[in-house]
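Inspection log for the structure reproduced underneath, given as structure tokens.
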Amino acid sequence: MARPRNAPTEEDLAPMREQITAWRAVRRTRDPMPEELWAHAVALAQAHGACPIARAFGLDYKSLKTRMAKAAEPNGLVRPTFVELPATRASAPVAVPTIEITAADGSRMCIRLEAGHGREAARIVAAFLGNRG
């Protein structure tokens, strides 16, 4: 559950409301809101919540939330993305999977597996441990 935030007071909202009202009075139709007004709205939303600030100023809630998320990201860092690396052959010898077993009587067995021979190894281990447990 989200933590409760302090409700914004009229003193918190009045300067921003005046700036937005002045901008709306002189803007051309469908002009985007200036970045400095968005920055101020984001700062208020971080303190009081996105919903009350979006309602108070008639802003799009989703746009405000998106800008809040971007403001919370550390500056100068690039978001991680998927990078596909081309498949290459290993230049060093590939390690072979090895099974080493020591029975209760001290008998030892070492199996080096090749690809596709796992079931054979299971049978060999079962036979080795069959009499020794």
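Chain labels run A, B, ... following the order of the structure tokens; each chain numbers its residues from 1, and ligands are numbered from 1 in the order shown.
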
**Report entry** Filtered DSSP result for stretch 15-120 of chain A, state alpha helix (DSSP H), as a ChimeraX atom specification
**Finding:** /A:15-26,35-48,50-57,61-72,118-120

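Residue nearest A:Ala50 within the list A:Ala14, A:Cys110, A:Val26, A:Ala7: A:Ala7 [criterion: smallest interatomic distance, only C-alpha atoms].
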
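Atom to atom, atom CA of A:Leu37 and atom CA of A:Gly49 stand 16.4 Å apart.
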
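Every residue of stretch 15-105 of chain A found in strand (DSSP E or B) when DSSP is run on the backbone appears here: Thr98, Ile99, Glu100, Ile101 and Thr102 of chain A.
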
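Using only C-alpha atoms, the nearest neighbour of A:Leu59 within the list A:Gly130, A:Thr29, A:Val42, A:Thr81 is A:Val42.
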
Query raised in the report: So how far away is atom CA of A:Ile124 from atom CA of A:Gly106, in Å?
Result: 17.2 Å

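Restricting the calculation to only C-alpha atoms, the smallest distance between A:Glu11 and any of A:Leu44, A:Ala71, A:Leu85, A:Ser107 is found for A:Leu44.
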
Query raised in the report: What separation in Å, quoted to one decimal, exists between atom CA of A:Ala121 and atom CA of A:Thr98?
Result: 10.2 Å

Report task. Would you list the contacts of A:Arg17 as a PyMOL selection string, taking every protein, DNA or RNA residue within 10 Å and counting only C-alpha atoms, but skipping same-chain residues closer than 4 positions in sequence? Result -> chain A and resi 10+12-13+21-23+37+41+56-58

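Residue nearest A:Pro52 within the list A:Lys65, A:Thr102, A:Ala25, A:Gly116: A:Lys65 [criterion: smallest interatomic distance, only C-alpha atoms].
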